[in-house]
Amino acid sequence: MDPGDWPGNLGAGLLPAPDGTCQGVFLRYDLFGGRGPAMIIGNLPEGSPARDVPEGEVPFEVGQLLLALENDEEVTVVGTEDVPVMQGDNLLIVRRVKLSENRISCVQFDRSDNVLVTIAAWDRPITDDLYALLKPLPAELFQQG
């Protein structure tokens, strides 16, 4: 993703494991000029502990969004819905995660390299045109250096 494609501030973070391997990459997008992020985008490879959330609990990225917004309300998953989305010539199955906090939009999809992408947005709907902006992160980001 080219940061020049987005207005506002875009930052990145890594989820390190104790052995130094990368357990995931997440992007924090602050559209509001320091007043809190509009969006957190996570890229978690297969085996990342951040992917293992108990039934009914929010995805890691939703938790990070709530932390960044300093929002300590209890938020739970109330349902999911699988939606087919065309991305170029490819069919993408997007899982819309419905949450008890209706100001949060959350979607998830699996990439062909088994990386789970989760997008959590605050007070903004996630539309299909967003997926066209997302470009795969290079595999080197997930390697121990």
# chains A, B, ... in the order shown; residues from 1 in each chain; ligands from 1
>>> select_by_dssp(residues="stretch 13-135 of chain A", states="alpha helix (DSSP H)", output="VMD selection string")
chain A and resid 60 to 68 129 to 133
>>> closest_residue(among="A:Thr127, A:Gln64, A:Asn114, A:Ser105", to="A:Gly13", atoms="only C-alpha atoms")
A:Gln64
>>> closest_residue(among="A:Ile93, A:Val77, A:Leu14, A:Val25", to="A:Val53", atoms="only C-alpha atoms")
A:Val77
>>> residues_around(residues="stretch 43-52 of chain A", least_positions_apart="6", cutoff="9 Å", atoms="only C-alpha atoms", output="list of chain:residue names")
A:Leu15, A:Ala17, A:Cys22, A:Gln23, A:Gly24, A:Val25, A:Phe26, A:Leu27, A:Pro59, A:Phe60, A:Glu61, A:Asp113, A:Asn114, A:Val115, A:Leu116, A:Val117, A:Thr118, A:Leu137, A:Phe142
>>> closest_residue(among="A:Leu67, A:Leu91, A:Leu99, A:Val83", to="A:Ile40", atoms="only C-alpha atoms")
A:Leu67
>>> residues_around(residues="A:Cys106", least_positions_apart="5", cutoff="8 Å", atoms="only C-alpha atoms", output="list of chain:residue names")
A:Val62, A:Arg96, A:Val97, A:Lys98, A:Leu99, A:Thr118, A:Ile119, A:Ala120, A:Ala121, A:Ile126
>>> closest_residue(among="A:Gly56, A:Gly79, A:Gly42, A:Gly63", to="A:Asp110", atoms="only C-alpha atoms")
A:Gly42
>>> select_by_dssp(residues="stretch 44-85 of chain A", states="strand (DSSP E or B)", output="list in words")
Leu44, Val77, Val78, Gly79, Thr80, Glu81, Asp82, Val83, Pro84 and Val85 of chain A
>>> closest_residue(among="A:Ala12, A:Glu73, A:Asn102, A:Thr80", to="A:Ile41", atoms="only C-alpha atoms")
A:Ala12
>>> atom_distance(atom1="atom CA of A:Arg124", atom2="atom CA of A:Met39")
8.6 Å
>>> atom_distance(atom1="atom CA of A:Trp122", atom2="atom CA of A:Leu69")
9.0 Å
>>> closest_residue(among="A:Asn71, A:Val94, A:Val58, A:Pro125", to="A:Arg111", atoms="only C-alpha atoms")
A:Val94
